[in-house]
Every structure is written in C-alpha cells, then in structure tokens.
file my_file_1.pdb (PDB, C-alpha atoms and all ligand atoms)
ATOM      1  CA  MET A 140      86.085  25.333 -17.132  1.00  0.00           C
ATOM      2  CA  ARG A 141      83.382  27.939 -16.760  1.00  0.00           C
ATOM      3  CA  CYS A 142      81.301  28.446 -13.623  1.00  0.00           C
ATOM      4  CA  ASP A 143      78.010  27.178 -15.081  1.00  0.00           C
ATOM      5  CA  GLU A 144      79.703  24.009 -16.352  1.00  0.00           C
ATOM      6  CA  CYS A 145      81.296  23.487 -12.971  1.00  0.00           C
ATOM      7  CA  GLN A 146      78.068  23.936 -11.046  1.00  0.00           C
ATOM      8  CA  GLU A 147      76.246  21.552 -13.352  1.00  0.00           C
ATOM      9  CA  LYS A 148      78.722  18.827 -12.479  1.00  0.00           C
ATOM     10  CA  LEU A 149      78.886  19.433  -8.742  1.00  0.00           C
ATOM     11  CA  GLY A 150      76.024  17.019  -8.147  1.00  0.00           C
ATOM     12  CA  LEU A 151      78.089  14.203  -9.632  1.00  0.00           C
ATOM     13  CA  TYR A 152      81.312  15.287  -7.937  1.00  0.00           C
ATOM     14  CA  TRP A 153      81.359  12.561  -5.234  1.00  0.00           C
ATOM     15  CA  ASP A 154      80.387   9.855  -7.652  1.00  0.00           C
ATOM     16  CA  LEU A 155      83.366  10.543  -9.893  1.00  0.00           C
ATOM     17  CA  PRO A 156      86.484   8.439  -9.312  1.00  0.00           C
ATOM     18  CA  GLU A 157      89.463  10.128  -7.667  1.00  0.00           C
ATOM     19  CA  GLN A 158      91.606  10.273 -10.820  1.00  0.00           C
ATOM     20  CA  ASP A 159      88.777  11.256 -13.176  1.00  0.00           C
ATOM     21  CA  ASP A 160      89.594  14.079 -15.620  1.00  0.00           C
ATOM     22  CA  GLU A 161      86.349  15.895 -14.877  1.00  0.00           C
ATOM     23  CA  ARG A 162      86.951  15.703 -11.158  1.00  0.00           C
ATOM     24  CA  THR A 163      90.452  17.169 -11.429  1.00  0.00           C
ATOM     25  CA  ALA A 164      89.086  19.893 -13.729  1.00  0.00           C
ATOM     26  CA  ILE A 165      86.454  20.750 -11.117  1.00  0.00           C
ATOM     27  CA  ASP A 166      89.103  20.736  -8.392  1.00  0.00           C
ATOM     28  CA  ARG A 167      91.289  23.137 -10.387  1.00  0.00           C
ATOM     29  CA  HIS A 168      88.334  25.450 -10.964  1.00  0.00           C
ATOM     30  CA  LEU A 169      87.342  25.357  -7.286  1.00  0.00           C
ATOM     31  CA  LEU A 170      90.830  26.501  -6.242  1.00  0.00           C
ATOM     32  CA  ASP A 171      90.420  29.914  -7.865  1.00  0.00           C
ATOM     33  CA  CYS A 172      86.611  30.352  -7.776  1.00  0.00           C
ATOM     34  CA  PRO A 173      85.209  30.984  -4.290  1.00  0.00           C
ATOM     35  CA  ALA A 174      81.617  31.061  -5.600  1.00  0.00           C
ATOM     36  CA  CYS A 175      81.792  27.482  -6.881  1.00  0.00           C
ATOM     37  CA  ALA A 176      83.663  26.353  -3.765  1.00  0.00           C
ATOM     38  CA  GLU A 177      80.785  27.731  -1.699  1.00  0.00           C
ATOM     39  CA  GLN A 178      78.374  25.852  -3.928  1.00  0.00           C
ATOM     40  CA  LEU A 179      80.237  22.617  -3.310  1.00  0.00           C
ATOM     41  CA  ARG A 180      80.143  23.245   0.435  1.00  0.00           C
ATOM     42  CA  LEU A 181      76.355  23.646   0.231  1.00  0.00           C
ATOM     43  CA  TRP A 182      76.095  20.357  -1.656  1.00  0.00           C
ATOM     44  CA  GLU A 183      78.179  18.662   0.996  1.00  0.00           C
ATOM     45  CA  GLU A 184      76.092  20.116   3.804  1.00  0.00           C
ATOM     46  CA  SER A 185      72.760  19.108   2.316  1.00  0.00           C
ATOM     47  CA  ASP A 186      74.145  15.634   1.666  1.00  0.00           C
ATOM     48  CA  LEU A 187      75.073  15.374   5.357  1.00  0.00           C
ATOM     49  CA  ILE A 188      71.612  16.551   6.395  1.00  0.00           C
ATOM     50  CA  ILE A 189      69.905  13.986   4.166  1.00  0.00           C
ATOM     51  CA  ARG A 190      72.107  11.239   5.570  1.00  0.00           C
ATOM     52  CA  SER A 191      71.439  12.200   9.200  1.00  0.00           C
ATOM     53  CA  LEU A 192      67.697  12.427   8.523  1.00  0.00           C
ATOM     54  CA  SER A 193      67.561   8.932   7.088  1.00  0.00           C
ATOM     55  CA  GLU A 194      69.563   7.647  10.056  1.00  0.00           C
ATOM     56  CA  ASP A 195      67.102   9.330  12.414  1.00  0.00           C
ATOM     57  CA  PHE A 196      64.272   7.650  10.562  1.00  0.00           C
ATOM     58  CA  GLU A 197      65.865   4.237  10.981  1.00  0.00           C
ATOM     59  CA  GLN A 198      66.315   4.881  14.692  1.00  0.00           C
ATOM     60  CA  GLU A 199      62.687   5.899  14.944  1.00  0.00           C
ATOM     61  CA  LEU A 200      61.687   2.532  13.595  1.00  0.00           C
ATOM     62  CA  ASP A 201      63.301   0.936  16.629  1.00  0.00           C
ATOM     63  CA  ASP A 202      61.242   2.844  19.160  1.00  0.00           C
ATOM     64  CA  ASP A 203      58.324   1.554  21.219  1.00  0.00           C
ATOM     65  CA  SER A 204      55.456   2.352  18.875  1.00  0.00           C
ATOM     66  CA  TYR A 205      57.180   0.478  16.079  1.00  0.00           C
ATOM     67  CA  ARG A 206      57.720  -2.545  18.289  1.00  0.00           C
ATOM     68  CA  MET A 207      54.105  -2.500  19.421  1.00  0.00           C
ATOM     69  CA  ASN A 208      52.964  -2.225  15.832  1.00  0.00           C
ATOM     70  CA  ARG A 209      55.192  -5.136  14.939  1.00  0.00           C
ATOM     71  CA  SER A 210      53.837  -7.362  17.701  1.00  0.00           C
ATOM     72  CA  VAL A 211      50.220  -6.602  16.728  1.00  0.00           C
ATOM     73  CA  MET A 212      50.950  -7.480  13.120  1.00  0.00           C
ATOM     74  CA  ASP A 213      52.735 -10.650  14.194  1.00  0.00           C
ATOM     75  CA  ARG A 214      49.645 -11.707  16.164  1.00  0.00           C
ATOM     76  CA  ILE A 215      47.457 -11.093  13.115  1.00  0.00           C
ATOM     77  CA  TYR A 216      49.807 -13.006  10.866  1.00  0.00           C
ATOM     78  CA  ALA A 217      49.933 -15.868  13.333  1.00  0.00           C
ATOM     79  CA  ASP A 218      46.164 -16.263  13.011  1.00  0.00           C
ATOM     80  CA  MET A 219      45.868 -15.524   9.294  1.00  0.00           C
ATOM     81  CA  GLU A 220      49.011 -16.703   7.622  1.00  0.00           C
ATOM     82  CA  HIS A 221      47.778 -15.852   4.124  1.00  0.00           C
ATOM     83  CA  LEU A 222      47.774 -12.112   4.968  1.00  0.00           C
ATOM     84  CA  ARG A 223      51.498 -12.058   5.607  1.00  0.00           C
ATOM     85  CA  PRO A 224      53.390 -10.218   2.844  1.00  0.00           C
ATOM     86  CA  VAL A 225      55.138 -12.655   0.553  1.00  0.00           C
ATOM     87  CA  HIS A 226      58.624 -11.242   1.206  1.00  0.00           C
ATOM     88  CA  GLU A 227      58.249 -11.939   4.950  1.00  0.00           C
ATOM     89  CA  ARG A 228      57.061 -15.461   4.548  1.00  0.00           C
ATOM     90  CA  SER A 229      59.052 -18.460   5.518  1.00  0.00           C
ATOM     91  CA  TYR A 230      58.090 -21.159   3.100  1.00  0.00           C
ATOM     92  CA  ARG A 231      56.717 -24.063   5.051  1.00  0.00           C
ATOM     93  CA  PHE A 232      55.544 -27.152   3.238  1.00  0.00           C
ATOM     94  CA  THR A 233      54.066 -30.304   4.637  1.00  0.00           C
ATOM     95  CA  ALA A 234      56.170 -33.450   4.464  1.00  0.00           C
ATOM     96  CA  SER A 235      53.891 -35.107   1.910  1.00  0.00           C
ATOM     97  CA  PHE A 236      53.949 -32.018  -0.341  1.00  0.00           C
ATOM     98  CA  ARG A 237      57.701 -31.918  -0.160  1.00  0.00           C
ATOM     99  CA  PHE A 238      57.914 -35.617  -0.967  1.00  0.00           C
ATOM    100  CA  ARG A 239      55.568 -35.284  -3.932  1.00  0.00           C
ATOM    101  CA  SER A 240      57.281 -32.238  -5.373  1.00  0.00           C
ATOM    102  CA  THR A 241      60.657 -33.913  -4.943  1.00  0.00           C
ATOM    103  CA  ALA A 242      59.371 -36.950  -6.813  1.00  0.00           C
ATOM    104  CA  LEU A 243      57.961 -34.754  -9.583  1.00  0.00           C
ATOM    105  CA  ILE A 244      61.186 -32.831  -9.960  1.00  0.00           C
ATOM    106  CA  ALA A 245      63.167 -36.091  -9.927  1.00  0.00           C
ATOM    107  CA  CYS A 246      60.925 -37.445 -12.725  1.00  0.00           C
ATOM    108  CA  CYS A 247      61.362 -34.313 -14.788  1.00  0.00           C
ATOM    109  CA  LEU A 248      65.101 -34.415 -14.207  1.00  0.00           C
ATOM    110  CA  ALA A 249      65.297 -38.081 -15.195  1.00  0.00           C
ATOM    111  CA  ILE A 250      63.374 -37.402 -18.408  1.00  0.00           C
ATOM    112  CA  PHE A 251      65.531 -34.399 -19.120  1.00  0.00           C
ATOM    113  CA  VAL A 252      68.803 -36.264 -18.519  1.00  0.00           C
ATOM    114  CA  SER A 253      67.795 -39.297 -20.581  1.00  0.00           C
ATOM    115  CA  GLY A 254      66.556 -37.021 -23.370  1.00  0.00           C
ATOM    116  CA  LEU A 255      69.822 -35.135 -23.262  1.00  0.00           C
ATOM    117  CA  LEU A 256      71.910 -38.343 -23.299  1.00  0.00           C
ATOM    118  CA  PHE A 257      69.868 -39.677 -26.199  1.00  0.00           C
ATOM    119  CA  ALA A 258      70.309 -36.426 -28.096  1.00  0.00           C
ATOM    120  CA  ILE A 259      74.097 -36.571 -27.579  1.00  0.00           C
ATOM    121  CA  PHE A 260      74.868 -40.303 -27.868  1.00  0.00           C
ATOM    122  CA  GLY A 261      71.756 -41.476 -29.710  1.00  0.00           C
ATOM    123  CA  ASP A 262      72.224 -43.505 -32.895  1.00  0.00           C
ATOM    124  CA  TRP A 263      70.702 -41.021 -35.302  1.00  0.00           C
ATOM    125  CA  GLY A 264      72.729 -41.659 -38.460  1.00  0.00           C
ATOM    126  CA  SER A 265      72.426 -45.438 -38.752  1.00  0.00           C
ATOM    127  CA  SER A 266      68.671 -45.489 -38.196  1.00  0.00           C
ATOM    128  CA  ALA A 267      68.283 -43.058 -41.065  1.00  0.00           C
ATOM    129  CA  GLN A 268      70.534 -45.226 -43.279  1.00  0.00           C
ATOM    130  CA  ASN A 269      68.718 -48.451 -42.401  1.00  0.00           C
ATOM    131  CA  MET A 270      65.507 -47.033 -43.723  1.00  0.00           C
ATOM    132  CA  GLU A 271      64.388 -48.281 -47.096  1.00  0.00           C
ATOM    133  CA  PRO A 272      64.962 -45.614 -49.686  1.00  0.00           C
ATOM    134  CA  MET A 273      61.552 -44.171 -50.277  1.00  0.00           C
ATOM    135  CA  THR A 274      61.129 -43.451 -53.939  1.00  0.00           C
ATOM    136  CA  GLY A 275      57.403 -42.955 -53.957  1.00  0.00           C
ATOM    137  CA  LEU A 276      57.036 -45.859 -56.432  1.00  0.00           C
ATOM    138  CA  LEU A 277      54.531 -48.528 -55.459  1.00  0.00           C
ATOM    139  CA  GLU A 278      55.092 -52.268 -55.708  1.00  0.00           C
ATOM    140  CA  THR A 279      53.070 -53.654 -58.611  1.00  0.00           C
ATOM    141  CA  ALA A 280      51.725 -57.100 -59.357  1.00  0.00           C
ATOM    142  CA  SER A 281      50.462 -58.356 -62.697  1.00  0.00           C
ATOM    143  CA  ALA A 282      47.271 -60.467 -62.627  1.00  0.00           C
ATOM    144  CA  GLY A 283      47.991 -62.573 -65.729  1.00  0.00           C
ATOM    145  CA  ASP A 284      51.499 -63.576 -64.711  1.00  0.00           C
ATOM    146  CA  ASP A 285      52.929 -66.242 -62.421  1.00  0.00           C
ATOM    147  CA  GLY A 286      52.539 -63.976 -59.467  1.00  0.00           C
ATOM    148  CA  SER A 287      56.061 -62.565 -59.423  1.00  0.00           C
ATOM    149  CA  VAL A 288      56.154 -59.061 -58.112  1.00  0.00           C
ATOM    150  CA  LEU A 289      58.187 -56.349 -59.696  1.00  0.00           C
ATOM    151  CA  GLY A 290      59.659 -54.292 -56.939  1.00  0.00           C
ATOM    152  CA  GLY A 291      59.807 -50.565 -56.796  1.00  0.00           C
ATOM    153  CA  GLU A 292      63.574 -50.799 -57.331  1.00  0.00           C
ATOM    154  CA  PHE A 293      63.018 -52.349 -60.759  1.00  0.00           C
ATOM    155  CA  TYR A 294      61.101 -49.381 -62.009  1.00  0.00           C
ATOM    156  CA  ALA A 295      63.430 -47.003 -60.269  1.00  0.00           C
ATOM    157  CA  GLN A 296      66.315 -48.366 -62.365  1.00  0.00           C
ATOM    158  CA  VAL A 297      64.432 -48.340 -65.679  1.00  0.00           C
ATOM    159  CA  PRO A 298      65.396 -45.245 -67.579  1.00  0.00           C
ATOM    160  CA  VAL A 299      62.309 -43.125 -67.923  1.00  0.00           C
ATOM    161  CA  ALA A 300      62.035 -40.111 -70.156  1.00  0.00           C
ATOM    162  CA  SER A 301      61.480 -37.200 -67.907  1.00  0.00           C
ATOM    163  CA  ILE A 302      62.555 -33.623 -67.645  1.00  0.00           C
ATOM    164  CA  SER A 303      63.822 -33.910 -64.099  1.00  0.00           C
ATOM    165  CA  ASP A 304      64.555 -36.617 -61.558  1.00  0.00           C
ATOM    166  CA  PRO A 305      61.478 -37.946 -59.840  1.00  0.00           C
ATOM    167  CA  PHE A 306      60.761 -36.045 -56.673  1.00  0.00           C
ATOM    168  CA  VAL A 307      61.868 -38.181 -53.759  1.00  0.00           C
ATOM    169  CA  LEU A 308      60.454 -37.444 -50.345  1.00  0.00           C
ATOM    170  CA  LYS A 309      62.996 -38.177 -47.607  1.00  0.00           C
ATOM    171  CA  VAL A 310      61.295 -39.121 -44.363  1.00  0.00           C
ATOM    172  CA  VAL A 311      63.513 -38.814 -41.289  1.00  0.00           C
ATOM    173  CA  PRO A 312      62.227 -40.626 -38.217  1.00  0.00           C
ATOM    174  CA  THR A 313      61.015 -38.163 -35.643  1.00  0.00           C
ATOM    175  CA  VAL A 314      62.916 -38.619 -32.395  1.00  0.00           C
ATOM    176  CA  PRO A 315      61.056 -37.568 -29.250  1.00  0.00           C
ATOM    177  CA  GLN A 316      63.150 -34.476 -28.648  1.00  0.00           C
ATOM    178  CA  TYR A 317      60.023 -32.829 -27.366  1.00  0.00           C
ATOM    179  CA  TRP A 318      60.499 -34.718 -24.081  1.00  0.00           C
ATOM    180  CA  ILE A 319      63.221 -32.234 -23.259  1.00  0.00           C
ATOM    181  CA  VAL A 320      60.791 -29.390 -23.787  1.00  0.00           C
ATOM    182  CA  PHE A 321      58.188 -31.227 -21.710  1.00  0.00           C
ATOM    183  CA  SER A 322      60.545 -31.749 -18.800  1.00  0.00           C
ATOM    184  CA  LEU A 323      61.677 -28.114 -18.827  1.00  0.00           C
ATOM    185  CA  PHE A 324      58.050 -27.075 -18.908  1.00  0.00           C
ATOM    186  CA  GLY A 325      57.401 -29.388 -15.953  1.00  0.00           C
ATOM    187  CA  VAL A 326      60.160 -27.854 -13.845  1.00  0.00           C
ATOM    188  CA  ILE A 327      58.957 -24.324 -14.576  1.00  0.00           C
ATOM    189  CA  ALA A 328      55.365 -25.268 -13.819  1.00  0.00           C
ATOM    190  CA  THR A 329      56.439 -26.840 -10.510  1.00  0.00           C
ATOM    191  CA  LEU A 330      58.221 -23.672  -9.425  1.00  0.00           C
ATOM    192  CA  LEU A 331      55.261 -21.487 -10.392  1.00  0.00           C
ATOM    193  CA  LEU A 332      52.866 -23.808  -8.581  1.00  0.00           C
ATOM    194  CA  SER A 333      54.880 -23.799  -5.359  1.00  0.00           C
ATOM    195  CA  ASN A 334      54.928 -20.004  -5.480  1.00  0.00           C
ATOM    196  CA  TRP A 335      51.196 -19.987  -5.991  1.00  0.00           C
ATOM    197  CA  PHE A 336      50.577 -22.411  -3.113  1.00  0.00           C
ATOM    198  CA  ALA A 337      52.452 -20.072  -0.798  1.00  0.00           C
ATOM    199  CA  ARG A 338      50.019 -17.250  -1.560  1.00  0.00           C
ATOM    200  CA  THR A 339      46.848 -19.169  -0.976  1.00  0.00           C
ATOM    201  CA  ARG A 340      45.115 -19.977   2.258  1.00  0.00           C
ATOM    202  CA  LYS A 341      46.054 -23.251   3.855  1.00  0.00           C
TER     203      LYS A 341
HETATM  204 ZN    ZN B   1      83.217  29.051 -10.702  1.00  0.00          ZN
END

call {"tool": "encode", "arguments": {"input": "my_file_1.pdb", "output": "structure tokens"}}
result
Amino acid sequence: MRCDECQEKLGLYWDLPEQDDERTAIDRHLLDCPACAEQLRLWEESDLIIRSLSEDFEQELDDDSYRMNRSVMDRIYADMEHLRPVHERSYRFTASFRFRSTALIACCLAIFVSGLLFAIFGDWGSSAQNMEPMTGLLETASAGDDGSVLGGEFYAQVPVASISDPFVLKVVPTVPQYWIVFSLFGVIATLLLSNWFARTRK
C-alpha cells in the first residue's frame, strides 16, 4: 500500500471491522511508515477533541441559564398549548373524542374484517353459475300466433349461418370489494385527522 492510499483511508479506519482486509493492510503499512502513523495519531487526537467538545456542550445545556430558559418556555406552553413543538407534545384527547374515534375505528375495522371474510369465504363461483347465460338474444313474441313465446334459447340453438360465433357478453356480478378500500381509507383519514387536531388550537 502506498502512502497516499493509506492516508485516504485513515478517516474510515475506526469504522472498519477488526478483521477487515483494508484495516490489516493499513496496520501493516503503519508499522513501517512513521509519517502515516503520525497522521493516524492526528486523526485520533482530533476525534477525541470533537468528542470532548460535544460532551462539554451537553453539560452546558444542564446549567442554570438553560434551566431558566426551559422554565420560561414551559410557562409559555402552559398558556398557549398550540405553540408547543409537536415532538414535545403529549397527546391529550377529551373522553368524548376518544370514544368517537374508537367507535369510528371499530366501524372501519368491522367493515374491513367482514369484507375480508367475504372475499375469502364468499360464494363467488355459484352465484356466477346461477346467472342465466346472457346471449344477447331478446325474447320474441309473434302477434298472429296463440301467444306462445319463443325463448332466446330457441334461437340460440338454431344453426345460423355466420362467420363467427355470436359475441356473448359475460356479465359478472360486481361484489362490493371497494368496501375494503373504503375502510382502509377511513383508518388512514382518522390517523391524519388526529394528527391535525393535535396541531390546532383547542
Ligand atoms: Zn505511509
């Protein structure tokens, strides 16, 4: 390893795992290159300084002026709750709001669960089979006759000269799967609303 390569990687040295190939290569180079060893020492030193500075800063936060600042802000927040930063807020809801939102969520959950059960265990196949085959042919009646009606099936079975089979439109009953989407939408809207309530003035 050359010196410039080594010095490039010194910044990552402590992040590398103990058995890493690069780390052992750096170690080997440091053994017979005092210049790079000195460089590593400087890195180490500045790292220590940065650490001690940040510790000092945290200690400073505990001193009197910080506490006074804190108490003033707490007084302000006590009067004007809506000014409090969101991450410091304890979410307090009135009993009636909690009851109503619980009821709403329970409704959404019930709709979701029943929709899910219907989607899994619902009788989809038989309802499609029970449907009359829809051929697109209309029932016809003849005015001069005894009133007997020739059904659509009659004409459907009469061989008709045509190039292709008549186009048959298959209509599948639409099952209200969209209730699942509605209930999910409801849950998401409830969460967003409760977040929004927390930000507004009481
Ligand atoms: Zn070197």

call {"tool": "closest_residue", "arguments": {"input": "my_file_1.pdb", "among": "A:Gln158, A:Leu149, A:Leu169, A:Cys247", "to": "ligand ZN 1 (chain B)", "atoms": "only C-alpha atoms and all ligand atoms"}}
result
A:Leu169

call {"tool": "atom_distance", "arguments": {"input": "my_file_1.pdb", "atom1": "CA of Ala242 (chain A)", "atom2": "CA of Ile259 (chain A)"}}
result
25.5 Å

call {"tool": "residues_near_ligand", "arguments": {"input": "my_file_1.pdb", "ligand": "ligand ZN 1 (chain B)", "cutoff": "6 Å", "atoms": "all atoms listed in the file", "output": "list of chain:residue names"}}
result
A:Cys142, A:Cys172, A:Ala174, A:Cys175

call {"tool": "resolve_selection", "arguments": {"input": "my_file_1.pdb", "expression": "the PyMOL selection byres (((chain A and resi 246) around 12) and not hetatm)", "output": "list in words"}}
result
Arg239, Ser240, Thr241, Ala242, Leu243, Ile244, Ala245, Cys247, Leu248, Ala249, Ile250, Phe251, Val252, Ser253, Trp318, Ile319, Phe321, Ser322, Leu323, Gly325, Val326 and Thr329 of chain A

call {"tool": "atom_distance", "arguments": {"input": "my_file_1.pdb", "atom1": "CA of Glu157 (chain A)", "atom2": "CA of Ser191 (chain A)"}}
result
24.8 Å

call {"tool": "atom_distance", "arguments": {"input": "my_file_1.pdb", "atom1": "CA of Arg223 (chain A)", "atom2": "CA of Phe238 (chain A)"}}
result
25.3 Å

call {"tool": "closest_residue", "arguments": {"input": "my_file_1.pdb", "among": "A:Arg141, A:Arg237, A:Lys148, A:Arg190", "to": "Glu161 (chain A)", "atoms": "all atoms listed in the file"}}
result
A:Lys148

call {"tool": "closest_residue", "arguments": {"input": "my_file_1.pdb", "among": "A:Phe236, A:Phe257, A:Tyr205, A:Trp153", "to": "Trp182 (chain A)", "atoms": "only C-alpha atoms"}}
result
A:Trp153
